[in-house]
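Engineer: Dumping the structure here so I can ask a few things about it.
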Amino acid sequence: ESIENGGSSFRIIQASYGSGKLLPLDADILTPDGWRHNGDLCVGDKVITRYGTETDITNISPESDVDTYSLVLDDGRQIECGLDHQWIVYDTVIGNEVTMTTRAIKEAGLQTDDGGYRFEIPNVNELPMDETKPAILPWEYGNIIAVERTQDGSACMIPDDYLYGSVKQRKELVRGIISTVGADRPVDSIPSDGEIPARSLAIANQIANILRSLGRYASVEYHTDKYVVAYAGHDRRAAITDIVNEHEKQDMQCISVADPSCSYITNDYTVTHNT
């Protein structure tokens with residue numbers, strides 16, 4: 001199907017059921033029990049939709065030796081996929097969400113006439129998770145993680161009890177970090193946008209993923225001698241800046257889900273579409 005908008009056109013690839021709409025077997029998929037590898041999933045297992053609800057896997061279609069492409073986003077995320085894997089994208093030309101394959105996005109052209117990026121990946125909603133029982137209150141641990149280092153001088157990593165706590169706990173953790181790294185006073189909520197310095201790339205990625213799990217845009221950047229997490233509100237989406245042919249083949253599989261949104265969540269809280 002060919003669609004024309006704003007002087008340009010793209011095709012929505014109508015492939016057969018389960019054909020080519022694939023993610024690698026080691027891709028992370030968010031489930032009610034945490035992240036699981038795509039290749040470990042079975043029909044009847046539950047995954048999480050972009051809205052934070054649970055949905056059943058209704059079908060799985062494996063495929064061998066699939067050409068691998070990487071969808072590159074402006075926030076630092078890169079997601080390997082098959083060329084005909086489907087994505088939910090916001091098309092800035094038509095001002096609406098559409099479902100397109102990696103192939104169709106590539107063929108449509110990634111940039112608009114004014115030099116901006118045409119397609120964006122939507123953020124998840126705030127994802128509900130069970131409350132955990134960390135040894136230190138999240139706000140206090142946020143104070144600690146911003147400055148503490150281990151005995152060998154490397155930056156401390158954020159434990160799972162904080163990464164996957166309730167919405168309230170994750171927000172309190174981020175508030176604690178922000179209060180330590182430059183706020184004039186303790187903050188009552190996460191500002192609409194800002195920057196958080198991090199002592200290592202690993203911690204920057206952890207902080208970015210906490211923010212993404214709260215429905216925020218978060219980009220990991222390197223400034224002179226430190227990593228910085230630049231964040232913004234839910235309406236700021238991650239732009240697709242490149243689609244790279246990795247010139248390798250790997251086993252992949254696609255899943256189908258029962259939810260009407262046809263959505264689920266893959267690596268680093270990236271919203272994607274089922275087969």
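Scheme for the structure tokens: letters A, B, ... for chains in order shown; per-chain residue numbers from 1; ligand numbers from 1 in order shown.
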Tell me which protein, DNA and RNA residues are within 9 Å of Thr58 of chain A, counting only C-alpha atoms, leaving out same-chain ones fewer than 3 positions away, and put them as an MDAnalysis selection string.
Structural biologist: chainID A and resid 42:45 255:258
Engineer: Identify, on the basis of only C-alpha atoms, every residue whose closest approach to Leu30 of chain A does not exceed 9 Å; exclude the query and any residue fewer than 5 positions from it along the same chain; express the result as a short mmCIF file (atom, residue, chain, number, x, y, z; two decimals) with N, CA and C atoms, in the first residue's frame.
Structural biologist:
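Wrote it out as selection_30.cif, contents follow:
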data_model
loop_
_atom_site.label_atom_id
_atom_site.label_comp_id
_atom_site.auth_asym_id
_atom_site.auth_seq_id
_atom_site.Cartn_x
_atom_site.Cartn_y
_atom_site.Cartn_z
N TRP A 35 12.38 -8.63 32.75
CA TRP A 35 12.85 -8.82 31.38
C TRP A 35 13.15 -10.30 31.11
N ARG A 36 12.70 -10.78 29.95
CA ARG A 36 13.03 -12.13 29.50
C ARG A 36 13.50 -12.07 28.06
N HIS A 37 14.35 -13.03 27.67
CA HIS A 37 14.79 -13.07 26.29
C HIS A 37 13.65 -13.51 25.38
N VAL A 47 3.17 -10.61 28.42
CA VAL A 47 4.11 -9.52 28.24
C VAL A 47 3.39 -8.22 28.59
N ILE A 48 4.16 -7.13 28.64
CA ILE A 48 3.61 -5.83 29.02
C ILE A 48 3.43 -4.96 27.77
N THR A 49 2.29 -4.31 27.67
CA THR A 49 2.03 -3.41 26.55
C THR A 49 2.61 -2.02 26.84
N TYR A 264 4.08 -4.23 22.51
CA TYR A 264 4.81 -4.77 23.64
C TYR A 264 6.11 -3.97 23.75
N ILE A 265 6.95 -4.31 24.71
CA ILE A 265 8.11 -3.46 25.04
C ILE A 265 9.37 -4.29 24.93
N THR A 266 10.34 -3.78 24.17
CA THR A 266 11.61 -4.47 24.00
C THR A 266 12.74 -3.63 24.61
N ASN A 267 13.97 -3.90 24.21
CA ASN A 267 15.17 -3.37 24.86
C ASN A 267 15.04 -1.91 25.29
N TYR A 269 13.09 -0.27 27.18
CA TYR A 269 11.73 0.29 27.20
C TYR A 269 11.33 0.89 25.86
#
Engineer: Pick the closest to Lys46 of chain A from A:Asp33, A:Thr112, A:His247, A:Tyr69: which is it, counting only C-alpha atoms?
Structural biologist: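 Nearest candidate to Lys46 of chain A out of A:Asp33, A:Thr112, A:His247, A:Tyr69: A:Asp33.
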Engineer: Please tabulate, as a tab-separated table, the residues of segment 119-149 of chain A that come within 7 Å of segment 222-241 of chain A, each with its closest pair of atoms and the distance in Å to one decimal, counting only C-alpha atoms and ordering rows by chain, then residue number upward.
Structural biologist:
residue	atom	partner	partner_atom	distance
A:Phe119	CA	A:Ile240	CA	5.7
A:Glu120	CA	A:Ala239	CA	4.2
A:Ile121	CA	A:Ala238	CA	5.4
A:Pro122	CA	A:Arg237	CA	5.4
A:Asn123	CA	A:Arg237	CA	6.3
Engineer: Pick the closest to Gly76 of chain A from A:Ala204, A:Ile29, A:Val167, A:Leu41: which is it, counting only C-alpha atoms?
Structural biologist: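 Of the candidates, the smallest distance to Gly76 of chain A is held by A:Ala204.
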Engineer: Calculated over only C-alpha atoms, which of the candidates A:Gln169, A:Ser263, A:Thr68, A:Thr275 has the smallest distance to Val244 of chain A?
Structural biologist: A:Thr68
Engineer: Once DSSP has gone over the backbone, tell me which residues of segment 59-199 of chain A are in helix (DSSP H, G or I), as number ranges by chain.
Structural biologist: A: 102-108, 138-145, 160-163, 167-180
